[in-house]
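K.L.:
One structure is given below, represented as structure tokens, and several questions about it will come after.
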Amino acid sequence: MVGKREEIKKIENKLQEEDVWSDYEKSGELSRRLEFLRNELLVWENITNDIKGLDDLLKGDLTVKDEEEIDFIIEQFGELKQEVEKIEERLKYSGPYDQGGAVITFQSGAGGTDAQDWTEMLLRMYMRFAEKQSWKVSILEKVVGAEAGIKTATLKIEGPLVYGKLKNESGVHRLVRLSPFNADNLRQTSFAMVEVMPIMEDSSSLQIENKDLRVDTFRSSGAGGQSVNTTDSAVRITHLPTGLVATCQNERSQLKNKEQAMTILKGRLIKLMEEEKVKEINELRGERKAVEWGSQIRSYVLHPYKMVKDHRSGRQVTAVEKVLDGELDLLN
């Protein structure tokens, strides 16, 4: 708890600086982090006080006539157990970026229009999950399909434990269903790639040289390719050594889009370096799996039966509609 108290003090001092409030996003991130840490500290303090109170009761002279007091102790133990379980749940997220936000990118794979529709279904699933967690969601970039669905999209999700809860969602997701885009209503298998990266609140440890970047600007577009801006405000940044690309077209300001794109790029580079610490970044690019058969981490089957199966944990549930509506906790 000493570390949390020190971080609370640092954030409180930072928020007292005049210039911090000129950056709405940064001050908002600091305020949300401060609220999260204060809540964490409050939980620990409550548990400590409960344990001390129970200890005092148990040290007293209890007799059979003290039934009400004994019942109270049992009740308190039950509440204390629930609080400890909440703490244990939070301790699962002890990674260096687990407490912060995340950027999720979606890419349609094999399956044509069905795959693009499936990609949009996944986008909605994660947005619904974020809403249920009271997280803040922003769509940074979205490229719609010619007939339906989306080809690619990028979400930014901010809130406590976002990356910790979503980092294992990275991988290929497979859908089996009767195709709504097939005249014969045949069974269709579709694939989409989901990639989850941490939002880097402090990326000073990651140095990216300007010579390693190519920055392209283009006109933002909405559904159907209609222009929504009068200037070329959308930004695409390519990291030349790895070929990694980050795009943002949500903001009307080119500068804001560039900042968001750099956040995505840094998160992706950090994630790759975490996964393969002993390798050079330019070796990591070739390890990404194809968005097709045999590479999926999870299957969602709507026909001929209903089931969601995680191929890593072996976890299976039949409530497919609930999972697709954002109830991802059913898979944990």
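Within each chain, counting starts at residue 1; across the structure tokens, chains are named A, B, ... in the order shown, with ligands numbered 1 upward in that order.
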Considering only C-alpha atoms, return as a VMD selection string whatever protein or nucleic-acid residues lie within 8 Å of Leu240 (chain A), sequence-local ones (same chain, fewer than 5 positions apart) excluded.
P.N.:
chain A and resid 212 to 214
K.L.:
Kindly assemble as a tab-separated table a list of the region 156-189 of chain A residues that lie within 10 Å of region 107-122 of chain A, each paired with its nearest atom pair and their distance in Å to one decimal, using only C-alpha atoms, sorted first by chain and then by ascending residue number.
P.N.:
residue	atom	partner	partner_atom	distance
A:Val172	CA	A:Gly109	CA	8.8
A:His173	CA	A:Leu122	CA	8.7
A:Arg174	CA	A:Trp118	CA	8.7
A:Leu175	CA	A:Trp118	CA	7.2
A:Val176	CA	A:Trp118	CA	9.8
A:Arg177	CA	A:Asp114	CA	9.6
A:Leu178	CA	A:Asp114	CA	9.9
A:Ser179	CA	A:Asp114	CA	6.9
A:Pro180	CA	A:Asp114	CA	8.0
A:Phe181	CA	A:Asp114	CA	6.9
A:Asn182	CA	A:Asp114	CA	9.0
A:Gln188	CA	A:Asp114	CA	7.6
A:Thr189	CA	A:Gly111	CA	6.6
K.L.:
Could you list, as a ChimeraX atom specification, every residue within 12 Å of Gln16 (chain A), counting only C-alpha atoms and ignoring same-chain residues fewer than 4 positions away?
P.N.:
/A:9-12,20-21,27,30-31
K.L.:
Could you please take those selected residues and save C-alpha atoms as a compact mmCIF listing (two decimals), in the first residue's frame?
P.N.:
# COMPACT_ATOMS: atom_id res chain seq x y z
CA LYS A 9 0.58 11.91 -3.70
CA LYS A 10 2.42 12.33 -7.02
CA ILE A 11 -0.83 12.55 -9.00
CA GLU A 12 -2.33 15.02 -6.50
CA VAL A 20 -1.93 20.19 -16.58
CA TRP A 21 -5.56 21.35 -16.99
CA SER A 27 -5.87 15.69 -16.86
CA LEU A 30 -4.77 11.49 -14.18
CA SER A 31 -8.12 12.13 -12.48
K.L.:
Could you work out how far CA of His239 (chain A) lies from CA of Lys211 (chain A), giving the answer in Å with one decimal?
P.N.:
9.3 Å
K.L.:
Can you pull out every residue within 7 Å of Thr154 (chain A), counting only C-alpha atoms, but drop anything in the same chain fewer than 6 positions away, and send it as a list in words?
P.N.:
Val103, Ile104, Thr105, Phe106, Ile139, Leu140, Glu141 and Lys142 of chain A
K.L.:
Name the residues in contact with Ala102 (chain A) at a cut-off of 9 Å, using only C-alpha atoms, excluding same-chain residues fewer than 3 positions from it; report them as a short mmCIF file (atom, residue, chain, number, x, y, z; two decimals) with C-alpha atoms, in the first residue's frame.
P.N.:
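Output (selection19.cif):
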data_model
loop_
_atom_site.label_atom_id
_atom_site.label_comp_id
_atom_site.auth_asym_id
_atom_site.auth_seq_id
_atom_site.Cartn_x
_atom_site.Cartn_y
_atom_site.Cartn_z
CA TYR A 97 0.19 -2.01 -18.21
CA LEU A 155 -11.10 1.34 -30.73
CA LYS A 156 -9.58 3.27 -27.85
CA ILE A 157 -10.89 2.16 -24.46
CA GLU A 158 -10.01 4.03 -21.26
CA GLY A 159 -10.70 3.00 -17.68
CA VAL A 162 -8.91 -2.31 -19.41
CA TYR A 163 -5.70 -3.80 -20.80
CA GLY A 164 -5.51 -6.39 -18.03
CA LEU A 166 -8.72 -7.55 -22.60
CA LYS A 167 -5.10 -8.40 -23.44
CA VAL A 196 -5.13 -5.50 -28.15
CA MET A 197 -2.37 -3.05 -27.24
CA PRO A 198 -1.75 -1.01 -24.06
CA ILE A 199 -2.16 2.75 -24.00
CA MET A 200 1.20 4.17 -23.06
CA ILE A 264 -1.35 3.20 -31.08
CA GLY A 267 1.45 0.43 -27.71
#
K.L.:
How far is it from CA of Glu17 (chain A) to CA of Ser138 (chain A), in Å with one decimal?
P.N.:
27.4 Å
